[in-house]
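Dropping query-v9.tsv in here (TSV, C-alpha atoms):
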```
chain	number	residue	atom	x	y	z
A	20	MET	CA	-17.97	-21.42	-34.20
A	21	PRO	CA	-15.54	-23.76	-32.37
A	22	THR	CA	-11.97	-22.61	-31.91
A	23	ASP	CA	-9.13	-24.45	-33.67
A	24	GLY	CA	-8.42	-26.36	-30.46
A	25	GLU	CA	-12.05	-27.36	-30.08
A	26	ALA	CA	-12.33	-28.44	-33.72
A	27	ASN	CA	-9.25	-30.61	-33.30
A	28	LEU	CA	-10.78	-32.82	-30.62
A	29	ASP	CA	-11.45	-36.53	-31.17
A	30	PHE	CA	-13.81	-38.46	-28.87
A	31	ALA	CA	-13.71	-42.23	-28.39
A	32	ILE	CA	-15.81	-44.67	-26.36
A	33	LEU	CA	-15.27	-47.88	-28.39
A	34	GLY	CA	-12.84	-48.95	-25.72
A	35	PRO	CA	-11.82	-46.90	-22.66
A	36	LEU	CA	-13.00	-43.28	-22.74
A	37	GLU	CA	-10.47	-41.20	-24.60
A	38	VAL	CA	-10.34	-37.60	-25.82
A	39	ARG	CA	-7.44	-36.42	-27.98
A	40	ARG	CA	-6.47	-32.95	-29.12
A	41	GLY	CA	-4.25	-33.03	-32.16
A	42	GLY	CA	-3.52	-36.68	-31.44
A	43	ARG	CA	-2.54	-36.11	-27.79
A	44	PRO	CA	-4.73	-37.56	-25.01
A	45	LEU	CA	-6.33	-35.17	-22.54
A	46	ALA	CA	-6.67	-35.71	-18.78
A	47	ILE	CA	-10.41	-35.59	-18.21
A	48	GLY	CA	-10.68	-35.91	-14.44
A	49	GLY	CA	-12.26	-38.27	-11.95
A	50	PRO	CA	-14.86	-41.04	-12.41
A	51	LYS	CA	-17.94	-38.80	-12.33
A	52	ALA	CA	-16.55	-36.31	-14.85
A	53	ARG	CA	-15.51	-39.15	-17.13
A	54	ALA	CA	-18.94	-40.77	-16.87
A	55	ILE	CA	-20.71	-37.47	-17.66
A	56	LEU	CA	-18.52	-36.94	-20.70
A	57	ALA	CA	-18.95	-40.56	-21.82
A	58	LEU	CA	-22.75	-40.20	-21.76
A	59	LEU	CA	-22.52	-36.93	-23.71
A	60	ILE	CA	-20.26	-38.62	-26.28
A	61	LEU	CA	-22.70	-41.52	-26.58
A	62	GLU	CA	-25.43	-38.97	-27.39
A	63	ALA	CA	-23.15	-36.60	-29.35
A	64	GLY	CA	-25.18	-33.98	-31.21
A	65	ARG	CA	-28.27	-34.60	-29.08
A	66	VAL	CA	-29.40	-32.87	-25.90
A	67	VAL	CA	-29.05	-34.98	-22.75
A	68	SER	CA	-31.35	-33.74	-20.01
A	69	ASN	CA	-30.13	-32.97	-16.51
A	70	ALA	CA	-32.39	-35.72	-15.20
A	71	ARG	CA	-30.88	-38.32	-17.51
A	72	LEU	CA	-27.32	-37.24	-16.72
A	73	ILE	CA	-28.00	-37.47	-13.00
A	74	GLU	CA	-29.73	-40.86	-13.18
A	75	GLY	CA	-27.19	-42.20	-15.69
A	76	VAL	CA	-24.17	-41.19	-13.61
A	77	TRP	CA	-25.35	-41.17	-9.98
A	78	GLY	CA	-28.21	-43.67	-10.18
A	79	GLU	CA	-31.73	-43.58	-8.79
A	80	ASP	CA	-30.74	-42.26	-5.35
A	81	PRO	CA	-28.42	-39.28	-5.95
A	82	PRO	CA	-27.23	-37.00	-3.12
A	83	ASN	CA	-29.10	-33.79	-2.39
A	84	SER	CA	-26.19	-31.78	-3.78
A	85	VAL	CA	-26.19	-33.57	-7.12
A	86	GLN	CA	-27.34	-30.60	-9.22
A	87	ALA	CA	-24.49	-28.45	-7.93
A	88	ALA	CA	-22.04	-31.32	-8.42
A	89	LEU	CA	-23.19	-31.75	-12.03
A	90	GLN	CA	-22.62	-28.07	-12.74
A	91	VAL	CA	-19.13	-28.21	-11.23
A	92	HIS	CA	-18.20	-31.22	-13.38
A	93	ILE	CA	-19.57	-29.51	-16.51
A	94	SER	CA	-17.54	-26.39	-15.70
A	95	ASN	CA	-14.38	-28.46	-15.28
A	96	LEU	CA	-15.00	-30.31	-18.55
A	97	ARG	CA	-15.31	-26.97	-20.34
A	98	LYS	CA	-11.94	-25.90	-18.96
A	99	VAL	CA	-10.34	-29.02	-20.42
A	100	LEU	CA	-12.23	-29.25	-23.71
A	101	GLY	CA	-13.03	-25.62	-24.47
A	102	ALA	CA	-16.06	-23.51	-23.75
A	103	GLY	CA	-17.89	-24.35	-26.98
A	104	VAL	CA	-17.76	-28.15	-26.74
A	105	VAL	CA	-20.25	-28.87	-23.96
A	106	VAL	CA	-23.17	-26.58	-24.73
A	107	THR	CA	-26.00	-25.68	-22.36
A	108	ARG	CA	-29.27	-26.38	-24.12
A	109	ALA	CA	-32.56	-26.90	-22.32
A	110	PRO	CA	-33.30	-29.17	-20.62
A	111	GLY	CA	-29.61	-30.17	-20.23
A	112	TYR	CA	-26.39	-30.26	-22.20
A	113	LEU	CA	-25.13	-31.23	-25.64
A	114	LEU	CA	-21.71	-32.32	-26.90
A	115	ASP	CA	-21.08	-30.21	-30.02
A	116	ALA	CA	-18.76	-32.39	-32.08
A	117	ALA	CA	-18.68	-33.22	-35.78
A	118	PRO	CA	-19.74	-36.86	-36.39
A	119	GLU	CA	-16.37	-37.69	-37.98
A	120	ARG	CA	-14.73	-36.75	-34.66
A	121	VAL	CA	-16.74	-39.31	-32.63
A	122	ASP	CA	-15.64	-42.92	-32.99
A	123	HIS	CA	-19.01	-44.66	-32.59
A	124	LEU	CA	-20.59	-42.30	-35.14
A	125	ARG	CA	-17.71	-42.95	-37.54
A	126	PHE	CA	-18.27	-46.67	-36.99
A	127	GLU	CA	-21.97	-46.42	-37.87
A	128	ALA	CA	-21.23	-44.25	-40.93
A	129	ALA	CA	-18.62	-46.74	-42.18
A	130	VAL	CA	-21.04	-49.63	-41.70
A	131	ARG	CA	-23.80	-47.82	-43.61
A	132	ALA	CA	-21.40	-47.08	-46.46
A	133	ALA	CA	-20.24	-50.71	-46.58
A	134	ARG	CA	-23.81	-51.98	-46.67
A	135	ALA	CA	-24.59	-49.60	-49.54
A	136	GLN	CA	-21.57	-50.98	-51.42
A	137	ARG	CA	-22.78	-54.51	-50.79
A	138	GLU	CA	-26.23	-53.62	-52.08
A	139	GLN	CA	-24.58	-52.37	-55.28
A	140	GLY	CA	-22.68	-55.64	-55.67
A	141	ALA	CA	-19.27	-54.29	-54.59
A	142	THR	CA	-18.65	-57.15	-52.14
A	143	ALA	CA	-14.88	-56.73	-51.81
A	144	ALA	CA	-15.21	-53.00	-51.14
A	145	ALA	CA	-17.96	-53.70	-48.63
A	146	ARG	CA	-15.71	-56.14	-46.78
A	147	ALA	CA	-12.89	-53.57	-46.68
A	148	GLY	CA	-15.36	-51.02	-45.30
A	149	LEU	CA	-16.50	-53.31	-42.50
A	150	GLU	CA	-12.88	-54.14	-41.64
A	151	ALA	CA	-12.15	-50.41	-41.38
A	152	ALA	CA	-15.22	-49.94	-39.17
A	153	LEU	CA	-14.18	-52.73	-36.79
A	154	ALA	CA	-10.64	-51.34	-36.64
A	155	LEU	CA	-12.06	-48.36	-34.71
A	156	TRP	CA	-12.66	-50.62	-31.71
A	157	ARG	CA	-9.92	-50.57	-29.05
A	158	GLY	CA	-11.50	-53.06	-26.64
A	159	ALA	CA	-14.70	-53.34	-24.60
A	160	PRO	CA	-16.81	-50.19	-25.02
A	161	LEU	CA	-16.77	-47.66	-22.17
A	162	ALA	CA	-14.35	-50.00	-20.43
A	163	ASP	CA	-13.29	-47.57	-17.70
A	164	VAL	CA	-16.70	-46.08	-16.83
A	165	THR	CA	-18.76	-49.24	-16.33
A	166	ASP	CA	-19.64	-48.25	-12.76
A	167	ALA	CA	-21.98	-45.60	-14.18
A	168	PRO	CA	-25.57	-46.92	-14.31
A	169	PHE	CA	-26.15	-45.77	-17.92
A	170	THR	CA	-23.59	-48.31	-19.14
A	171	ASP	CA	-25.87	-51.19	-18.10
A	172	ALA	CA	-27.78	-50.64	-21.33
A	173	ALA	CA	-25.15	-48.82	-23.41
A	174	VAL	CA	-22.40	-51.44	-23.19
A	175	PRO	CA	-24.56	-54.39	-24.36
A	176	TRP	CA	-26.03	-52.23	-27.13
A	177	LEU	CA	-22.64	-51.17	-28.46
A	178	GLY	CA	-21.27	-54.70	-28.10
A	179	GLU	CA	-24.22	-56.12	-30.00
A	180	ARG	CA	-23.64	-53.66	-32.83
A	181	ARG	CA	-20.03	-54.79	-33.07
A	182	SER	CA	-21.02	-58.48	-33.02
A	183	ARG	CA	-23.49	-57.98	-35.86
A	184	VAL	CA	-20.92	-56.21	-38.00
A	185	ALA	CA	-18.39	-58.95	-37.27
A	186	ASP	CA	-21.00	-61.49	-38.38
A	187	GLU	CA	-21.60	-59.52	-41.58
A	188	LEU	CA	-17.86	-59.46	-42.23
A	189	ILE	CA	-17.70	-63.24	-41.90
A	190	GLU	CA	-20.64	-63.57	-44.28
A	191	LEU	CA	-18.95	-61.35	-46.86
A	192	SER	CA	-15.74	-63.35	-46.53
A	193	ILE	CA	-17.67	-66.56	-47.18
A	194	ASP	CA	-19.33	-64.93	-50.20
A	195	LEU	CA	-15.89	-63.94	-51.51
A	196	GLY	CA	-14.64	-67.51	-51.27
A	197	ASP	CA	-12.58	-67.19	-48.07
A	198	HIS	CA	-14.61	-69.86	-46.29
A	199	ARG	CA	-11.55	-71.80	-45.11
A	200	GLN	CA	-10.06	-68.73	-43.45
A	201	VAL	CA	-13.12	-67.96	-41.32
A	202	ILE	CA	-13.69	-71.41	-39.79
A	203	ALA	CA	-11.34	-70.83	-36.85
A	204	ASP	CA	-12.93	-67.43	-36.10
A	205	LEU	CA	-16.40	-68.97	-36.13
A	206	GLU	CA	-15.32	-71.77	-33.78
A	207	ALA	CA	-13.83	-69.18	-31.42
A	208	THR	CA	-17.07	-67.18	-31.43
A	209	LEU	CA	-19.14	-70.26	-30.66
A	210	ALA	CA	-16.82	-71.20	-27.81
A	211	THR	CA	-17.97	-68.06	-25.96
A	212	THR	CA	-21.51	-67.63	-27.39
A	213	PRO	CA	-22.69	-71.17	-28.22
A	214	HIS	CA	-26.40	-70.38	-28.65
A	215	ARG	CA	-26.12	-68.11	-31.71
A	216	GLU	CA	-27.80	-70.12	-34.44
A	217	GLY	CA	-26.75	-67.67	-37.14
A	218	VAL	CA	-23.09	-68.32	-36.35
A	219	TRP	CA	-23.68	-72.08	-36.43
A	220	ALA	CA	-25.22	-71.62	-39.88
A	221	GLN	CA	-22.16	-69.69	-41.05
A	222	LEU	CA	-19.88	-72.44	-39.75
A	223	MET	CA	-21.90	-75.15	-41.49
A	224	LEU	CA	-21.80	-73.27	-44.79
A	225	ALA	CA	-18.08	-72.50	-44.51
A	226	LEU	CA	-17.31	-76.16	-43.80
A	227	TYR	CA	-19.52	-77.34	-46.65
A	228	ARG	CA	-17.90	-74.98	-49.16
A	229	SER	CA	-14.49	-76.18	-47.95
A	230	GLY	CA	-15.39	-79.69	-49.09
A	231	ARG	CA	-16.13	-80.88	-45.55
A	232	GLN	CA	-19.73	-82.04	-45.80
A	233	ALA	CA	-19.39	-84.51	-42.91
A	234	ASP	CA	-17.97	-81.81	-40.63
A	235	ALA	CA	-20.79	-79.45	-41.65
A	236	LEU	CA	-23.37	-82.05	-40.64
A	237	THR	CA	-21.45	-82.70	-37.41
A	238	ALA	CA	-21.63	-78.97	-36.70
A	239	PHE	CA	-25.41	-79.15	-37.01
A	240	GLN	CA	-25.51	-81.99	-34.46
A	241	ARG	CA	-23.24	-80.00	-32.13
A	242	ALA	CA	-25.60	-77.03	-32.43
A	243	ARG	CA	-28.63	-79.24	-31.81
A	244	ASN	CA	-27.07	-80.90	-28.76
A	245	THR	CA	-26.06	-77.53	-27.32
A	246	LEU	CA	-29.52	-76.05	-27.73
A	247	LEU	CA	-31.23	-79.15	-26.33
A	248	ASP	CA	-28.87	-79.50	-23.38
A	249	ASP	CA	-28.76	-75.83	-22.42
A	250	LEU	CA	-32.19	-74.52	-23.41
A	251	GLY	CA	-34.34	-77.59	-24.03
A	252	ILE	CA	-35.18	-76.51	-27.59
A	253	GLU	CA	-34.62	-77.83	-31.10
A	254	PRO	CA	-32.76	-75.76	-33.72
A	255	GLY	CA	-34.87	-73.28	-35.64
A	256	GLY	CA	-36.11	-73.60	-39.17
A	257	GLU	CA	-33.11	-71.86	-40.75
A	258	LEU	CA	-30.62	-74.39	-39.37
A	259	ARG	CA	-32.85	-77.34	-40.20
A	260	ARG	CA	-33.28	-76.15	-43.78
A	261	LEU	CA	-29.52	-75.72	-44.12
A	262	GLU	CA	-28.93	-79.26	-42.84
A	263	THR	CA	-31.38	-80.61	-45.45
A	264	ALA	CA	-29.66	-78.62	-48.20
A	265	ILE	CA	-26.24	-79.94	-47.18
A	266	LEU	CA	-27.50	-83.53	-47.10
A	267	SER	CA	-28.84	-83.19	-50.65
A	268	HIS	CA	-25.89	-81.19	-52.04
A	269	ASP	CA	-28.32	-78.41	-52.94
A	270	PRO	CA	-26.73	-76.39	-55.77
A	271	SER	CA	-27.82	-73.14	-54.12
A	272	LEU	CA	-25.11	-73.71	-51.48
A	273	ASP	CA	-22.40	-73.44	-54.14
A	274	ALA	CA	-20.77	-70.02	-54.01
A	275	SER	CA	-20.95	-69.77	-57.80
A	276	HIS	CA	-24.70	-70.48	-57.91
A	277	PRO	CA	-26.90	-67.35	-58.36
A	278	ALA	CA	-29.12	-68.33	-55.45
A	279	ALA	CA	-26.13	-68.30	-53.10
A	280	ALA	CA	-25.80	-64.52	-53.28
A	281	LYS	CA	-27.14	-62.95	-50.10
A	282	ALA	CA	-29.54	-60.06	-50.45
A	283	ALA	CA	-27.93	-56.94	-49.03
A	284	PRO	CA	-29.54	-55.49	-45.90
A	285	THR	CA	-31.57	-52.36	-46.41
A	286	HIS	CA	-31.36	-49.36	-44.12
A	287	ALA	CA	-33.57	-46.76	-45.71
A	288	VAL	CA	-35.95	-44.77	-43.55
A	289	SER	CA	-39.25	-46.58	-43.64
A	290	PRO	CA	-42.66	-45.08	-44.31
A	291	VAL	CA	-45.38	-45.76	-41.79
A	292	PRO	CA	-45.15	-49.54	-41.32
A	293	VAL	CA	-48.05	-51.86	-42.01
A	294	THR	CA	-48.40	-55.19	-40.23
A	295	THR	CA	-49.98	-58.21	-41.94
A	296	VAL	CA	-50.91	-61.18	-39.77
A	297	LYS	CA	-51.66	-64.63	-41.14
A	298	ALA	CA	-54.09	-66.92	-39.40
A	299	VAL	CA	-52.32	-68.83	-36.62
A	300	SER	CA	-53.67	-71.03	-33.88
A	301	VAL	CA	-53.54	-70.01	-30.25
A	302	ARG	CA	-51.06	-71.81	-28.03
A	303	ASN	CA	-50.28	-70.23	-24.65
A	304	GLY	CA	-49.12	-66.73	-25.44
A	305	ARG	CA	-49.63	-63.80	-27.77
A	306	LEU	CA	-47.99	-60.63	-29.04
A	307	VAL	CA	-49.92	-57.37	-28.91
A	308	SER	CA	-48.95	-54.55	-31.29
A	309	SER	CA	-48.99	-50.90	-30.23
A	310	ASP	CA	-52.24	-50.46	-32.18
A	311	GLY	CA	-53.88	-53.26	-30.18
A	312	THR	CA	-53.65	-55.95	-32.87
A	313	GLU	CA	-53.10	-59.38	-31.31
A	314	HIS	CA	-50.88	-62.04	-32.86
A	315	ALA	CA	-51.43	-65.52	-31.46
A	316	LEU	CA	-48.35	-67.70	-30.94
A	317	THR	CA	-48.22	-71.21	-32.32
A	318	ASP	CA	-45.58	-73.96	-32.31
A	319	ALA	CA	-43.03	-71.73	-34.04
A	320	ILE	CA	-43.56	-68.41	-35.78
A	321	THR	CA	-41.27	-66.16	-37.80
A	322	LEU	CA	-41.30	-62.37	-37.98
A	323	GLY	CA	-39.87	-60.45	-40.90
A	324	ARG	CA	-40.47	-58.78	-44.25
A	325	ASN	CA	-40.70	-61.97	-46.29
A	326	PRO	CA	-44.30	-62.76	-47.29
A	327	ASP	CA	-43.89	-66.33	-46.02
A	328	CYS	CA	-43.26	-65.15	-42.44
A	329	THR	CA	-46.03	-65.84	-39.94
A	330	ILE	CA	-46.07	-62.17	-38.95
A	331	VAL	CA	-45.11	-59.94	-41.87
A	332	LEU	CA	-43.68	-56.53	-40.87
A	333	THR	CA	-43.46	-54.19	-43.85
A	334	ASP	CA	-40.78	-51.98	-42.36
A	335	LEU	CA	-37.49	-51.56	-44.24
A	336	LEU	CA	-35.60	-51.63	-40.93
A	337	VAL	CA	-36.82	-55.21	-40.52
A	338	SER	CA	-34.79	-58.02	-42.09
A	339	ARG	CA	-36.42	-60.45	-44.47
A	340	ARG	CA	-36.42	-63.17	-41.83
A	341	HIS	CA	-35.77	-61.17	-38.69
A	342	ALA	CA	-36.68	-63.29	-35.67
A	343	GLU	CA	-38.37	-66.48	-34.61
A	344	ILE	CA	-40.48	-67.34	-31.56
A	345	ARG	CA	-40.74	-70.97	-30.54
A	346	PRO	CA	-42.03	-72.90	-27.48
A	347	ALA	CA	-39.40	-73.48	-24.80
A	348	LEU	CA	-39.32	-74.26	-21.10
A	349	GLY	CA	-43.06	-73.86	-20.70
A	350	GLY	CA	-43.13	-70.49	-22.45
A	351	HIS	CA	-41.71	-68.92	-25.60
A	352	LEU	CA	-38.13	-68.25	-26.69
A	353	LEU	CA	-37.40	-65.26	-28.94
A	354	VAL	CA	-34.43	-65.88	-31.27
A	355	ASP	CA	-32.93	-63.21	-33.52
A	356	LEU	CA	-32.13	-64.78	-36.91
A	357	GLY	CA	-29.01	-62.72	-37.58
A	358	SER	CA	-30.98	-59.60	-38.49
A	359	SER	CA	-29.19	-56.47	-39.69
A	360	ASN	CA	-30.67	-54.02	-37.17
A	361	GLY	CA	-31.12	-56.31	-34.21
A	362	THR	CA	-33.95	-57.22	-31.86
A	363	LEU	CA	-34.62	-55.49	-28.56
A	364	VAL	CA	-36.40	-56.80	-25.48
A	365	ASN	CA	-37.28	-54.10	-22.96
A	366	GLY	CA	-34.89	-51.75	-24.74
A	367	LEU	CA	-31.86	-54.06	-24.63
A	368	PRO	CA	-30.40	-55.92	-27.63
A	369	THR	CA	-30.68	-59.69	-27.56
A	370	THR	CA	-29.87	-62.69	-29.72
A	371	GLN	CA	-32.23	-64.90	-27.73
A	372	HIS	CA	-34.51	-64.31	-24.76
A	373	LEU	CA	-37.00	-66.45	-22.85
A	374	LEU	CA	-40.03	-64.16	-22.94
A	375	GLN	CA	-41.75	-63.16	-19.72
A	376	PRO	CA	-45.28	-61.70	-19.50
A	377	GLY	CA	-45.10	-57.96	-20.15
A	378	ASP	CA	-41.83	-58.06	-22.12
A	379	LEU	CA	-41.67	-55.43	-24.88
A	380	VAL	CA	-40.18	-56.71	-28.15
A	381	THR	CA	-38.92	-54.08	-30.60
A	382	ILE	CA	-38.20	-55.02	-34.23
A	383	GLY	CA	-37.45	-52.07	-36.49
A	384	THR	CA	-40.13	-49.50	-35.70
A	385	HIS	CA	-42.56	-52.15	-34.39
A	386	GLU	CA	-43.26	-52.67	-30.70
A	387	LEU	CA	-44.99	-55.86	-29.60
A	388	ARG	CA	-45.90	-56.74	-26.01
A	389	TYR	CA	-45.68	-60.41	-24.99
A	390	LEU	CA	-48.56	-61.64	-22.90
A	391	SER	CA	-49.12	-65.12	-21.47
A	392	ASP	CA	-52.52	-66.78	-21.73
```

Structure translated into structure tokens:
Amino acid sequence: MPTDGEANLDFAILGPLEVRRGGRPLAIGGPKARAILALLILEAGRVVSNARLIEGVWGEDPPNSVQAALQVHISNLRKVLGAGVVVTRAPGYLLDAAPERVDHLRFEAAVRAARAQREQGATAAARAGLEAALALWRGAPLADVTDAPFTDAAVPWLGERRSRVADELIELSIDLGDHRQVIADLEATLATTPHREGVWAQLMLALYRSGRQADALTAFQRARNTLLDDLGIEPGGELRRLETAILSHDPSLDASHPAAAKAAPTHAVSPVPVTTVKAVSVRNGRLVSSDGTEHALTDAITLGRNPDCTIVLTDLLVSRRHAEIRPALGGHLLVDLGSSNGTLVNGLPTTQHLLQPGDLVTIGTHELRYLSD
């Protein structure tokens, strides 16, 4: 059982590393000690092996004395935090902290609760929940330990989680009729990340619902020009369909129309997934599933749970229209379509990635290897 002092610790990595006891910050120590603790916080409740701690903090070429150095840093952390916080458990160590005391776990729990509220139709409560989740962020994640090699993957992953929740918050605000208020935020996002087609779609819809049809169509042209100039590709099917709907004043774009309601993302644990592949013609690349099934790539394919997707992935961690692969620059470009759980390439989150032979694409529980013909 943790002592009162140990139970009163709060751990934070959604910003600079911070540990507080009873609201007061603790002095953790030097860069290596802070990096070790940050990695343990990232994996709170799970054992982190000695090998992973060493590689994650010292890199691939640690000094000969690294094992002794690790033990010294662990000992010093226990003096600051309490003996029962950093637990020795083969093959390494574990941070024993309640999830509600760890900011990134509180963030994920708040997001899950908000998504459940959205699924039940409580849109306003869901928006408040996402706002509370985002309020836990104090800046760039792990901001003061970025010299540690493990942050190369951890920082983009955490940042991508925040971006997706921010996108969901914008979507909920549009659904609640606050489309005018989000336009400036969407423009600011696109100023720094101009290739996110999902954000362009949100901007187009917000402008259209604000009575600015011409500006919505101009936004589509801006998106198209950006994608053509920077990546040499046309907008994907989602943006093109939205442009057509705006041109025709499709009633489904009206916030009061039943078809305008977005289906809430699902996050239940999936049973063993089953992959269904429709007949597609071979172009110059293919995806190979972990079971050896090959999926030929054509002009543009979609991956998701919807039955009209080219590759149907019956995994509840997969969004209805999760990702798209289209020809680009002599190969294939993978584009995440604003999915709820994200798309990984070689273990790193991505919104778009020019695939290279051997790249491993992870969508939900599915792993697909990209190979070039």

**Study point:** atom CA of A:Ile73 to atom CA of A:Leu36, distance in Å rounded to a single decimal
**Key:**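 Separation between atom CA of A:Ile73 and atom CA of A:Leu36: 18.8 Å.
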
**Study point:** Nearby residues (only C-alpha atoms) at most 7 Å from stretch 204-208 of chain A, same-chain spacing under 4 positions excluded, as a list in words
**Key:**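 Residues near the query, excluding close chain neighbours: Thr212, Val218 and Leu222 of chain A.
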
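The nearest approach to A:Ala342 among the residues A:Gly311, A:Val66, A:Ala203, A:Ile382, with all atoms listed in the file taken into account, belongs to A:Ile382.
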
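Between atom CA of A:Ile202 and atom CA of A:Phe239 the interatomic distance comes to 14.3 Å.
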
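Proximity to A:Gly64 was assessed for A:Asn27, A:Pro118, A:Val76, A:Pro175 counting all atoms listed in the file; the smallest distance is recorded for A:Pro118.
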
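Of the residues under consideration (A:Thr245, A:Ser309, A:Gln136, A:Ser338), A:Gln136 shows the shortest atom-to-atom contact distance to A:Leu149 when counting all atoms listed in the file.
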